[in-house]
Amino acid sequence: MTPSNPNETGDDASKAELPRHDWVLLPMLGLLTIFSLAGSTEVIARLMFTDLSTDKEGCIVRNDSSTGWRGNPNCVSLEKGYESEPTEIRINSDGFRNDFEFAPKQPGTYRIVMVGSSAAMGNSVRVATLLPAELSEKTGRRVELYNEAIEGWGGTPRNIAFRFSKALSVQPDLVLWILTPWDIRNAAGMMPHDEILPDETLLYPDRKDRAPGTQMASSGNGGILTVAVHALSSIRGFVSDAWHNSRSDLMLVHFMVELESQNQFVKSQNLSRQDAQYLGAEPSEKRLQHLQELDSYVAEIHQQASDAGVPVAAVFWPNATYAAVLSQAEWPAGIDPFSLDNELRSVFVNRGVIYIDVLPDYRNILNPQAGYLPYDGHPNADGNVTFSGMLAKELTNGAVPELKATVQSLPPQQRER
Amino acid sequence: MDNASFQFVLFGLAAALVSNFSRSRVWRSIVLMAASLVFLGLLAHNPVVLLPLAGFLLLGYGGLILIERGWSRSTVGSIVAILFVYIWLKKYTFLPGGIFLHFPYFTLGLSYIFFRVLHLLIETGDGRENHHIGLGPYLLYTLNFTTFVSGPIQRYDEFARDQFATEPIVLGVRTIGLQLERIVRGFFKVNVLAMLLHAVQEDALAQLVHPYSPHSVRLHAAFKLAVVYPFFLYANFSGYIDIVIALARLMRVRLPENFDRPFSATSFIDFWNRWHITLSTWLKTYVYNPLLVALMRRATSVALQPLLGVICFFVTFFLVGLWHGRTSEFIFFGVLQGGGVAINKLWQLGLARALGRKGYKALAGNSVYRAMGRGMTFSWFSFTLFWFWADWKQIDKVYLSIGVLQWLGVWLAIWLSATVVLAAWEWLRAALLSIRTSGGPVLTSRYARVVYASALGLASFVITVLLNQPAPDIVYKAF
């Protein structure tokens, strides 16, 4: 059989020993390589992924605990996230992100007020600007949309319920509530100190779940082993923190997610963390608790809407992991993305809110995770277009009688990413 | 632990470290046995699932003892019994389902153990292995954790020469450095390169069979799907082999090489001299050679003799294919391997007859002919691999996703691209290796090795630990 390759095995006895200077030179060379690579990667990442905000802090008021997060009236800011294009954020005099001022309703116009958090508030290409045109085209009537979504803690169910009278004050024909997994998880939150899971990165659950999967044992059998395990954990924690604070992390995750197939993406999301993803076939205790909290705000919102005679429709916008799992042919044992869907339907329908279900539409999309910013996790332009299309289709299929489609249109083109 | 994971590498390095506490062969054997049993325990969890494997090993050892004691007739019986039990435990589909064991049991590594046991029975029966093999050495040889999951298939005499040497082979600092570099390289191949290629393959497959994919996307996906899988398989398998060869060397045992730049092969016969070398060598030793001798004894016509080689090639490489699995896909895979090698041999014979030996030799040395042969070899291998990774249903779906003419176009494009790209790679490699100092090529110097091992190590650490990218399983552990 084939003998071992002496070049690989180092069996050339004449070269068995190293010159003395190599004992210093080789490790130095290794370290130099590692630091040069790490440094140059970080420099490239900082050049490629930049952020910008001319007046970001000013456009969202984050420190008023009496109101929760809210828009700063008449503020204009140019913003750019690490992965997105520069976008002008224009807050109107009512404190919401619209390029126009709210005005009395014109006869024959169907007015929708949209509430929700950052996904609904949107970036450059956003649901608020796409949906009215699609609905107008399908219904043959003028549909206008007032965007009252506020990012972050301004869009939690508690905050929406708190300022719901504002949504009703502009005489809407429908309040459209866009709900994300983050909103459900933080249903009872008003300000950051209310968060249920004390972790800023929950804004970006996908990012969080890319943390190292192999967990180090938290305790050993005592003595040296325990000390060693703690020492290793500390080193690992230090390296992990340094990594997550680097721009290289962002760049590599960004490109990795772009390159990954749908299956690879789902596998890398650590689905065992079902609490974080809400993907379990059986609800966890935390999920039930969050749904109960959501239920109380749904009741409150519905009561106000009902008193004003305005219908409310709610739609669940899945995050990247959720969408990718939905689109898979088969799910791993214990995973069922429609389980939460059914629970949400029962929460909303039992309270008299219309539930718009777009999740089945994700089954027909290839690589839906491409509709989200890879690192940040928010929907990108493609994701907004896809979601708007689905939402328009479901809103006009009879779920909201006034919006029932009158114009026969072709089925939405399935998009290839 | 049955993957090229950090845990596996750390486990192997720890075993190597402890093994080197003493140069005594007894100590090294104790450490190897303990490490192999712990490895098996970590894989199996429940000892009951190991019972069939234990029975298989005892059956092999029983046969060996009978042969050693002079019961020469028992050689054939033992081989047949081992062959049957192997097929039975692996649940080959041509056996009636009712005779199989109906509880979950452990078959990981069984194929590789099968080759080792069969090799011992044949060699002992032929009298070529005339030293008594005790149960301990037998178990050390068959259960050796470095070769357990996916080989390479090592001969017993080579194993015994290193493992039981009174004076073990030298393990200098240079050797240690080379092995660590090889482990890093293997780890990178499996956990980064193979992971990325696997992603591309899965993506291409999804695009190809998705009902809404545009036609141009499908054509591109078909090309990607066919081209990427051979590289993925190479990175996946050879990376794991790199790791285990290096770990074994750190334990002062030299394992045989399993790969020799297979995509440089200029013919399909040459390819099988470079891909999964220990498997093809085993089958050439124990199938091709005896079969050729037997056929030549019966067919005395000189004119027929070259054709006998073709038949033996077909049978041998048909078995190579068949060994990979129990289903009809693998029978067809075997037919394609055997057919490829046999047609290649016929082509060589035909050309030699038409051009004469000198003319054929000149043609075979021509760089354009070699480049086109390399492209053809790659294309054929990549074509056959569809029956390796997919089942009939998937193959049907894949081949129906575009038209017949388009597939012909795709394969033509693959052949031409492979010809150009692989030739360019060969040229580049030769050019880089020609940059030399007095100590040899700069690229293989210890300084260059430290630089790229550090770079690959950093990339592997970031991808596997910090980004938590899951590497695909080692494909060959399934066989």
# chains A, B, ... in the order shown; residues from 1 in each chain; ligands from 1
>>> closest_atom_pairs(of="chain B", to="chain A", cutoff="8 Å", atoms="only C-alpha atoms", output="Markdown table")
| residue | atom | partner | partner_atom | distance |
| --- | --- | --- | --- | --- |
| B:Gln154 | CA | A:Met1 | CA | 7.7 |
| B:Arg155 | CA | A:Met1 | CA | 7.3 |
| B:Val170 | CA | A:Asp11 | CA | 7.5 |
| B:Gly172 | CA | A:Ala16 | CA | 5.3 |
| B:Val173 | CA | A:Glu17 | CA | 6.2 |
| B:Arg174 | CA | A:Ala16 | CA | 5.4 |
| B:Thr175 | CA | A:Gly10 | CA | 4.4 |
| B:Ile176 | CA | A:Gly10 | CA | 8.0 |
| B:Leu178 | CA | A:Gly10 | CA | 6.4 |
| B:Gln179 | CA | A:Thr9 | CA | 6.7 |
| B:Arg182 | CA | A:Glu8 | CA | 7.5 |
| B:Leu196 | CA | A:Glu260 | CA | 7.6 |
| B:Ala199 | CA | A:Ser261 | CA | 5.1 |
| B:Val200 | CA | A:Ser261 | CA | 6.7 |
| B:Glu202 | CA | A:Ser261 | CA | 6.0 |
| B:Asp203 | CA | A:Ser261 | CA | 4.7 |
| B:Ala206 | CA | A:Leu366 | CA | 7.8 |
| B:Gln207 | CA | A:Leu366 | CA | 7.8 |
| B:His210 | CA | A:Leu366 | CA | 7.5 |
| B:Tyr212 | CA | A:Gln414 | CA | 6.3 |
| B:Ser213 | CA | A:Glu416 | CA | 6.3 |
| B:Pro214 | CA | A:Glu416 | CA | 7.7 |
| B:Ala246 | CA | A:Thr9 | CA | 7.4 |
| B:Arg249 | CA | A:Thr9 | CA | 6.9 |
| B:Arg254 | CA | A:Ser4 | CA | 6.2 |
| B:Leu255 | CA | A:Ser4 | CA | 6.1 |
| B:Pro256 | CA | A:Ser4 | CA | 4.8 |
| B:Glu257 | CA | A:Ser4 | CA | 5.3 |
| B:Asn258 | CA | A:Thr2 | CA | 7.8 |
| B:Ile277 | CA | A:Thr2 | CA | 7.4 |
| B:Thr278 | CA | A:Met1 | CA | 6.6 |
| B:Thr281 | CA | A:Met1 | CA | 6.3 |
| B:Trp282 | CA | A:Met1 | CA | 7.6 |
| B:Tyr447 | CA | A:Leu26 | CA | 6.6 |
| B:Val450 | CA | A:Gly30 | CA | 5.8 |
| B:Val451 | CA | A:Gly30 | CA | 5.7 |
| B:Ala453 | CA | A:Gly30 | CA | 7.9 |
| B:Ser454 | CA | A:Gly30 | CA | 5.3 |
| B:Ala455 | CA | A:Ile34 | CA | 6.2 |
| B:Leu458 | CA | A:Ile34 | CA | 6.5 |
| B:Val465 | CA | A:Pro212 | CA | 5.5 |
| B:Leu466 | CA | A:Pro212 | CA | 5.6 |
| B:Leu467 | CA | A:Arg210 | CA | 5.7 |
| B:Asn468 | CA | A:Pro212 | CA | 5.2 |
| B:Gln469 | CA | A:Ser268 | CA | 5.5 |
| B:Pro470 | CA | A:Ser268 | CA | 6.1 |
>>> select_by_dssp(residues="region 127-295 of chain B", states="alpha helix (DSSP H)", output="ChimeraX atom specification")
/B:135-143,145-148,156-163,173-188,194-209,215-250,268-271,277-283,289-295
>>> residues_around(residues="region 284-294 of chain A", least_positions_apart="3", cutoff="9 Å", atoms="only C-alpha atoms", output="list in words")
Pro157, Arg158, Asp183, Ile184, Arg185, Asn186, Ala187, Ala188, Gln274, Asp275, Tyr278, Gly280, Tyr297, Val298, Ala299, Leu340, Glu343, Leu344 and Val347 of chain A
>>> residues_around(residues="region 322-332 of chain A", least_positions_apart="3", cutoff="6 Å", atoms="only C-alpha atoms", output="list in words")
Pro318, Asn319, Ile335, Tyr362, Arg363, Pro368 and Gln369 of chain A
>>> write_last_selection(atoms="N, CA and C atoms", output="mmCIF file, in the first residue's frame")
data_model
loop_
_atom_site.group_PDB
_atom_site.id
_atom_site.type_symbol
_atom_site.label_atom_id
_atom_site.label_comp_id
_atom_site.auth_asym_id
_atom_site.auth_seq_id
_atom_site.Cartn_x
_atom_site.Cartn_y
_atom_site.Cartn_z
ATOM 1 N N PRO A 318 -42.441 37.634 9.890
ATOM 2 C CA PRO A 318 -41.391 36.783 10.482
ATOM 3 C C PRO A 318 -40.000 37.368 10.264
ATOM 4 N N ASN A 319 -39.069 37.008 11.157
ATOM 5 C CA ASN A 319 -37.677 37.430 10.942
ATOM 6 C C ASN A 319 -37.006 36.458 9.961
ATOM 7 N N ILE A 335 -39.816 21.348 15.625
ATOM 8 C CA ILE A 335 -39.949 22.689 15.033
ATOM 9 C C ILE A 335 -41.221 22.736 14.188
ATOM 10 N N TYR A 362 -44.805 32.384 2.450
ATOM 11 C CA TYR A 362 -43.349 32.195 2.502
ATOM 12 C C TYR A 362 -42.944 30.802 2.031
ATOM 13 N N ARG A 363 -43.889 29.866 1.991
ATOM 14 C CA ARG A 363 -43.585 28.502 1.546
ATOM 15 C C ARG A 363 -43.165 28.489 0.073
ATOM 16 N N PRO A 368 -35.802 32.943 1.421
ATOM 17 C CA PRO A 368 -36.408 34.193 1.907
ATOM 18 C C PRO A 368 -35.501 34.974 2.854
ATOM 19 N N GLN A 369 -34.487 34.299 3.424
ATOM 20 C CA GLN A 369 -33.585 35.028 4.338
ATOM 21 C C GLN A 369 -32.823 36.131 3.613
#
>>> residues_around(residues="Ser77 (chain A)", least_positions_apart="6", cutoff="9 Å", atoms="only C-alpha atoms", output="PDB file with N, CA and C atoms, in the first residue's frame")
ATOM      1  N   SER A  53     -25.271  59.050  10.863  1.00  0.00           N
ATOM      2  CA  SER A  53     -26.540  59.603  11.333  1.00  0.00           C
ATOM      3  C   SER A  53     -26.327  61.079  11.581  1.00  0.00           C
ATOM      4  N   THR A  54     -27.032  61.901  10.814  1.00  0.00           N
ATOM      5  CA  THR A  54     -26.820  63.339  11.006  1.00  0.00           C
ATOM      6  C   THR A  54     -27.582  63.854  12.236  1.00  0.00           C
ATOM      7  N   ASP A  55     -28.696  63.216  12.525  1.00  0.00           N
ATOM      8  CA  ASP A  55     -29.475  63.709  13.662  1.00  0.00           C
ATOM      9  C   ASP A  55     -30.329  62.591  14.250  1.00  0.00           C
ATOM     10  N   LYS A  56     -29.702  61.409  14.362  1.00  0.00           N
ATOM     11  CA  LYS A  56     -30.513  60.254  14.736  1.00  0.00           C
ATOM     12  C   LYS A  56     -31.124  60.393  16.130  1.00  0.00           C
ATOM     13  N   GLY A  58     -31.839  62.937  17.660  1.00  0.00           N
ATOM     14  CA  GLY A  58     -32.867  63.957  17.711  1.00  0.00           C
ATOM     15  C   GLY A  58     -34.190  63.500  17.143  1.00  0.00           C
ATOM     16  N   CYS A  59     -34.184  62.576  16.188  1.00  0.00           N
ATOM     17  CA  CYS A  59     -35.427  62.188  15.529  1.00  0.00           C
ATOM     18  C   CYS A  59     -36.260  61.201  16.341  1.00  0.00           C
ATOM     19  N   THR A  87     -30.404  56.913   4.005  1.00  0.00           N
ATOM     20  CA  THR A  87     -31.832  57.182   3.849  1.00  0.00           C
ATOM     21  C   THR A  87     -32.192  58.438   4.626  1.00  0.00           C
ATOM     22  N   GLU A  88     -33.047  59.234   4.040  1.00  0.00           N
ATOM     23  CA  GLU A  88     -33.501  60.415   4.776  1.00  0.00           C
ATOM     24  C   GLU A  88     -34.688  60.031   5.654  1.00  0.00           C
ATOM     25  N   ILE A  89     -34.555  60.294   6.930  1.00  0.00           N
ATOM     26  CA  ILE A  89     -35.669  60.056   7.851  1.00  0.00           C
ATOM     27  C   ILE A  89     -36.355  61.407   8.073  1.00  0.00           C
ATOM     28  N   ARG A  90     -37.603  61.457   7.705  1.00  0.00           N
ATOM     29  CA  ARG A  90     -38.335  62.730   7.842  1.00  0.00           C
ATOM     30  C   ARG A  90     -39.534  62.479   8.766  1.00  0.00           C
ATOM     31  N   ILE A  91     -39.527  63.145   9.899  1.00  0.00           N
ATOM     32  CA  ILE A  91     -40.629  62.983  10.870  1.00  0.00           C
ATOM     33  C   ILE A  91     -41.573  64.185  10.676  1.00  0.00           C
TER      34      ILE A  91
END
>>> residues_around(residues="Gly77 (chain B)", least_positions_apart="2", cutoff="12 Å", atoms="only C-alpha atoms", output="list in words")
Leu59, Gly60, Gly62, Gly63, Leu64, Leu66, Ile67, Trp71, Ser72, Arg73, Ser74, Thr75, Ile79, Val80, Ala81, Ile82, Leu83, Phe84, Leu118, Leu121, Ile122 and Gly125 of chain B
>>> residues_around(residues="Asp382 (chain A)", least_positions_apart="2", cutoff="8 Å", atoms="only C-alpha atoms", output="PyMOL selection string")
chain A and resi 370-372+379-380+384-386
>>> write_last_selection(atoms="N, CA and C atoms", output="PDB file, in the first residue's frame")
ATOM      1  N   ALA A 370     -32.788  36.042   2.271  1.00  0.00           N
ATOM      2  CA  ALA A 370     -32.117  37.092   1.494  1.00  0.00           C
ATOM      3  C   ALA A 370     -32.906  38.392   1.537  1.00  0.00           C
ATOM      4  N   GLY A 371     -34.087  38.368   2.080  1.00  0.00           N
ATOM      5  CA  GLY A 371     -34.909  39.572   2.196  1.00  0.00           C
ATOM      6  C   GLY A 371     -34.646  40.342   3.481  1.00  0.00           C
ATOM      7  N   TYR A 372     -33.550  40.011   4.151  1.00  0.00           N
ATOM      8  CA  TYR A 372     -33.223  40.682   5.414  1.00  0.00           C
ATOM      9  C   TYR A 372     -31.758  41.110   5.378  1.00  0.00           C
ATOM     10  N   PRO A 379     -35.625  43.760   7.756  1.00  0.00           N
ATOM     11  CA  PRO A 379     -35.916  43.506   6.336  1.00  0.00           C
ATOM     12  C   PRO A 379     -35.208  44.540   5.451  1.00  0.00           C
ATOM     13  N   ASN A 380     -34.684  44.079   4.333  1.00  0.00           N
ATOM     14  CA  ASN A 380     -34.070  45.008   3.374  1.00  0.00           C
ATOM     15  C   ASN A 380     -35.107  45.385   2.309  1.00  0.00           C
ATOM     16  N   ASN A 384     -38.979  44.037   1.984  1.00  0.00           N
ATOM     17  CA  ASN A 384     -40.138  44.936   2.047  1.00  0.00           C
ATOM     18  C   ASN A 384     -41.055  44.736   0.845  1.00  0.00           C
ATOM     19  N   VAL A 385     -40.439  44.559  -0.331  1.00  0.00           N
ATOM     20  CA  VAL A 385     -41.239  44.362  -1.546  1.00  0.00           C
ATOM     21  C   VAL A 385     -42.025  43.048  -1.437  1.00  0.00           C
ATOM     22  N   THR A 386     -41.325  41.997  -1.008  1.00  0.00           N
ATOM     23  CA  THR A 386     -41.978  40.688  -0.869  1.00  0.00           C
ATOM     24  C   THR A 386     -43.134  40.757   0.121  1.00  0.00           C
TER      25      THR A 386
END
>>> closest_residue(among="B:Phe8, B:Ala165, B:Leu219, B:Asn289", to="Val404 (chain B)", atoms="only C-alpha atoms")
B:Leu219
>>> atom_distance(atom1="CA of Asn342 (chain A)", atom2="CA of Tyr375 (chain A)")
28.8 Å
